[in-house]
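To start, the structure under review is shown below, and the notes come after it.
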Amino acid sequence: MNRKKKKLLLGVEFGVFTFPALGFVLFATIIPFIMNLYYSVFEWNGISQEKTFVGLQNFAKIFTNDALFLQSSIFTLRFSVFFVIIVNVLAIAIAIPLAKDKRVTRVGRAFYYVPYIISLTAISLIWKFIFGPGFEALFKLTDWNFFGWSWIGTPNLAFYVVIIMTVWQNVGFYVVIYVAGMIAVPRDVMEASQIDGAGKWQAFRKITLPLIMPSISICILTSLTFAFKLFDVIMVFTKGGPANSTVSVAYNIYKEAFTNSSYGLATAKSLVFFVVVLMITLIQLRVTKSKEVEA
Amino acid sequence: MRNRKIKWKFNWFLLVIMIVSLLWLMPLILILINSFKPYNDMIQNFLALPKTISFEKYIETWSLFDFPRLIGNTLIYTIFTVLGVVVCAPMAAYKLSRTKTKYSQFVFTLIILPMMVPFQAYMISLTRFVSMLNLTGTRVGYILVNIGLCIPLATFMIHGFVKGVPLELEECAYIDGASKIRTYFSIVLPLLKPILTTVVVLDTLATWNDVITNQLIVGSKMNAINLQNALYMQFSSQSADWEHALPGIIISTIPSLIFFVFMQKHVVEGVTAGAVKG
């Protein structure tokens, strides 16, 4: 009897401590996610009372009969390749001279970090201004055709606008991780290589690069997840335009639900999207766990 | 002699680094410079410093937007979100890391599960769920959602930290007759201060800068809109009004920048931990 009572008391205590957090999480993420599962097998416009059960037809439609989804997947893949390569190469290049624990280099690192902590509204307006009136002014000044192009209005160029903007915003984050990795490279190894007559480039390629491999794999995976999830920037800045040339997968889902009112189809798409991102995240967790890297 | 020469060269190198780093912020600097100019001047003298520093456009922007209310809203959101997270997350994290049962493991998994699920995969149903509860367009609805979105990562981070806190202290307090609740508040919570600071910094920045969640939950309801969302609503449609957009950017960004300058270490730590693990 007494033991039972004690057990009950422990249970209540556990509940008191954990329920508030659990409640919030259930409310904001888990219940909506379960609703997603439920809606994905219906055809529904999101408003009317009637839902038609269609089984897996929504999923079939995504892969066979959805040109825009295909286009957005291609955009997302292409964006991922460009973003991952550019942001990592650039971050390593920036990190090399900054990888010293000095006050000046710390300030330098902070400069690169600033775009990462200001809001997306500000970032998208900044670049809208630069590529719009800014380039117009520079065109008048220099007469270079480069500045005269309509960057935001041309499908092919808008892709690069998105790349430039996201790289500018995110590079500071990767610089911080690479700098941490490079500072951790033992100094005596570097000195030994210098004594042995290795040049700077040789030392970088043969010593620094292999030793920062953990940072590199983490950065590549993190940037890959970011690229796959690309949404905020598109929603705030290009809105998928011009001519749907910058619609990412996540933005395609959003539009399907709120512009096209195909609620069932949108939830089905978001599940497909979830599975793809989950796979990358699982690989990422594996890598992060096996190579604990301190930032 | 030789030594001095090396030192001199070294400083040159740093100067170059500083200039290049500063160039990276050029877009932001150009916004600042041009925010003081009338539109014609922006186009004519894009790169030049403003002829006169006049705050006329800033004052116009300020009255155009009802900034006191927007800043008030955003502050309320930030304070309540941080408060909610700081009350709920450490409690759960502490109990979950000290209880070694299957049930506890399950609850922990449930709480940190959203870290693995991209927000975009459930945001549509989230807006649906919020409107089913009649919370769309309300301050309460937005705050509740925001707390829920911040808790998984916070719990995860604190959970990791608690594992490193020795059990003996709690046992001592317990033997001395302190209740579980009392032990938590007077022994455990003060020990968690370093990680709580990181959590606070992370969630403050996230809430202050949030556009997407506010857009989804509040939409264009003027009384519950936050600062970033208001700017977004105003200038994403009619981008021609640069004379007021630029001061708006600067006004909304300055608090983040000041915060960053003073909390730099915590910001970098928190944001990096959040993004790598999340």
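We label chains A, B, ... in the order they appear in the structure tokens, count residues from 1 in each chain, and number ligands from 1 in the order shown.
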Could you give me, as a Markdown table, a per-residue list for chain A showing, wherever an atom lies at most 6 Å from an atom of chain B, the closest pair of atoms and their distance in Å to one decimal, using only C-alpha atoms and sorting by chain then residue number from low to high?
| residue | atom | partner | partner_atom | distance |
| --- | --- | --- | --- | --- |
| A:Phe17 | CA | B:Met91 | CA | 5.3 |
| A:Thr18 | CA | B:Ala92 | CA | 4.2 |
| A:Pro20 | CA | B:Cys88 | CA | 5.7 |
| A:Ala21 | CA | B:Cys88 | CA | 5.1 |
| A:Leu22 | CA | B:Ile111 | CA | 5.9 |
| A:Phe24 | CA | B:Gly148 | CA | 4.5 |
| A:Val25 | CA | B:Gly148 | CA | 4.7 |
| A:Ala28 | CA | B:Gly148 | CA | 5.1 |
| A:Pro32 | CA | B:Leu126 | CA | 4.9 |
| A:Phe33 | CA | B:Tyr122 | CA | 5.1 |
| A:Asn36 | CA | B:Ser125 | CA | 5.8 |
| A:Gly108 | CA | B:Ser21 | CA | 5.7 |
| A:Ser119 | CA | B:Asn209 | CA | 4.6 |
| A:Thr121 | CA | B:Tyr232 | CA | 5.7 |
| A:Ala122 | CA | B:Ile249 | CA | 5.4 |
| A:Ala137 | CA | B:Ile43 | CA | 4.7 |
| A:Ser270 | CA | B:Ala121 | CA | 4.7 |
| A:Phe274 | CA | B:Ala121 | CA | 5.6 |
Take the residues from that selection and write them out as an mmCIF file, in the first residue's frame, keeping C-alpha atoms.
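File written: out.cif
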data_model
loop_
_atom_site.group_PDB
_atom_site.id
_atom_site.type_symbol
_atom_site.label_atom_id
_atom_site.label_comp_id
_atom_site.auth_asym_id
_atom_site.auth_seq_id
_atom_site.Cartn_x
_atom_site.Cartn_y
_atom_site.Cartn_z
ATOM 1 C CA PHE A 17 7.992 18.809 -13.817
ATOM 2 C CA THR A 18 7.628 17.604 -17.376
ATOM 3 C CA PRO A 20 4.352 22.089 -19.087
ATOM 4 C CA ALA A 21 7.147 21.551 -21.590
ATOM 5 C CA LEU A 22 5.478 18.504 -23.097
ATOM 6 C CA PHE A 24 3.696 23.216 -25.337
ATOM 7 C CA VAL A 25 5.515 20.845 -27.654
ATOM 8 C CA ALA A 28 2.883 23.596 -31.367
ATOM 9 C CA PRO A 32 -0.045 19.602 -36.046
ATOM 10 C CA PHE A 33 2.266 16.950 -37.414
ATOM 11 C CA ASN A 36 -0.697 16.468 -41.333
ATOM 12 C CA GLY A 108 36.779 40.400 -37.992
ATOM 13 C CA SER A 119 16.125 39.589 -39.481
ATOM 14 C CA THR A 121 12.942 41.176 -43.543
ATOM 15 C CA ALA A 122 15.971 43.414 -43.256
ATOM 16 C CA ALA A 137 22.840 53.900 -59.743
ATOM 17 C CA SER A 270 5.111 18.063 -46.692
ATOM 18 C CA PHE A 274 9.867 15.547 -44.160
#
Per-residue nearest contacts of segment 60-173 of chain A to segment 227-238 of chain A (8 Å; only C-alpha atoms) as CSV:
residue,atom,partner,partner_atom,distance
A:Thr76,CA,A:Phe228,CA,6.2
A:Leu77,CA,A:Phe228,CA,7.5
A:Phe79,CA,A:Ala227,CA,6.9
A:Ser80,CA,A:Ala227,CA,5.0
A:Phe83,CA,A:Ala227,CA,6.9
A:Val84,CA,A:Ala227,CA,7.6
A:Leu120,CA,A:Val233,CA,6.8
A:Thr121,CA,A:Val236,CA,6.6
A:Ser124,CA,A:Phe237,CA,5.3
A:Leu125,CA,A:Phe237,CA,7.5
A:Lys128,CA,A:Phe237,CA,7.7
A:Ile152,CA,A:Thr238,CA,7.8
A:Val162,CA,A:Val233,CA,7.9
A:Thr166,CA,A:Val233,CA,7.8
Once DSSP has gone over the backbone, tell me which residues of segment 85-268 of chain B are in alpha helix (DSSP H), as number ranges by chain.
B: 85-98, 102-112, 123-132, 139-162, 168-175, 180-183, 189-191, 193-209, 212-217, 227-237, 242-268
- [ ] Find the residues near segment 165-172 of chain B: any atom within 8 Å, counting only C-alpha atoms, skip ones fewer than 5 places away on the same chain, and give them as a PyMOL selection string.
- [x] chain B and resi 183+187-188+191
Could you turn the residues from that selection into a file that holds C-alpha atoms, as a PDB file, in the first residue's frame?
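See again_26.pdb below for the written result:
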ATOM      1  CA  THR B 183      15.883  21.566  -4.055  1.00  0.00           C
ATOM      2  CA  ILE B 187      20.124  24.213  -5.673  1.00  0.00           C
ATOM      3  CA  VAL B 188      19.622  23.091  -9.264  1.00  0.00           C
ATOM      4  CA  LEU B 191      23.717  25.849 -11.193  1.00  0.00           C
TER       5      LEU B 191
END
Practice item. With a distance cut-off of 6 Å and only C-alpha atoms, select the neighbouring residues of segment 266-268 of chain A, excluding the residue or stretch itself and same-chain residues fewer than 2 positions from it, and output the selection as an MDAnalysis selection string. Key: chainID A and resid 36 40 253 256:257 263:264 270:271
Print the selection's residues with C-alpha atoms to a file, as a PDB file, in the first residue's frame.
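To be explicit, this is the file written out as out36.pdb:
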ATOM      1  CA  ASN A  36      -0.697  16.468 -41.333  1.00  0.00           C
ATOM      2  CA  SER A  40      -2.660  13.802 -46.428  1.00  0.00           C
ATOM      3  CA  ILE A 253       4.124  23.244 -50.229  1.00  0.00           C
ATOM      4  CA  GLU A 256      -0.189  24.614 -52.532  1.00  0.00           C
ATOM      5  CA  ALA A 257      -1.936  25.037 -49.198  1.00  0.00           C
ATOM      6  CA  TYR A 263      -4.857  21.201 -48.529  1.00  0.00           C
ATOM      7  CA  GLY A 264      -4.624  17.428 -48.814  1.00  0.00           C
ATOM      8  CA  SER A 270       5.111  18.063 -46.692  1.00  0.00           C
ATOM      9  CA  LEU A 271       5.370  14.432 -45.595  1.00  0.00           C
TER      10      LEU A 271
END
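We find atom CA of Ile130 of chain A and atom CA of Phe146 of chain A to be spaced 13.4 Å apart.
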A straight line from atom CA of Val277 of chain A to atom CA of Thr225 of chain A spans 6.7 Å
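Straight-line separation from atom CA of Phe59 of chain A to atom CA of Leu133 of chain B: 28.7 Å.
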Ser35 of chain B proximity check over A:Ile177, A:Ala60, A:Ile126, A:Leu98, using only C-alpha atoms: winner is A:Ile126
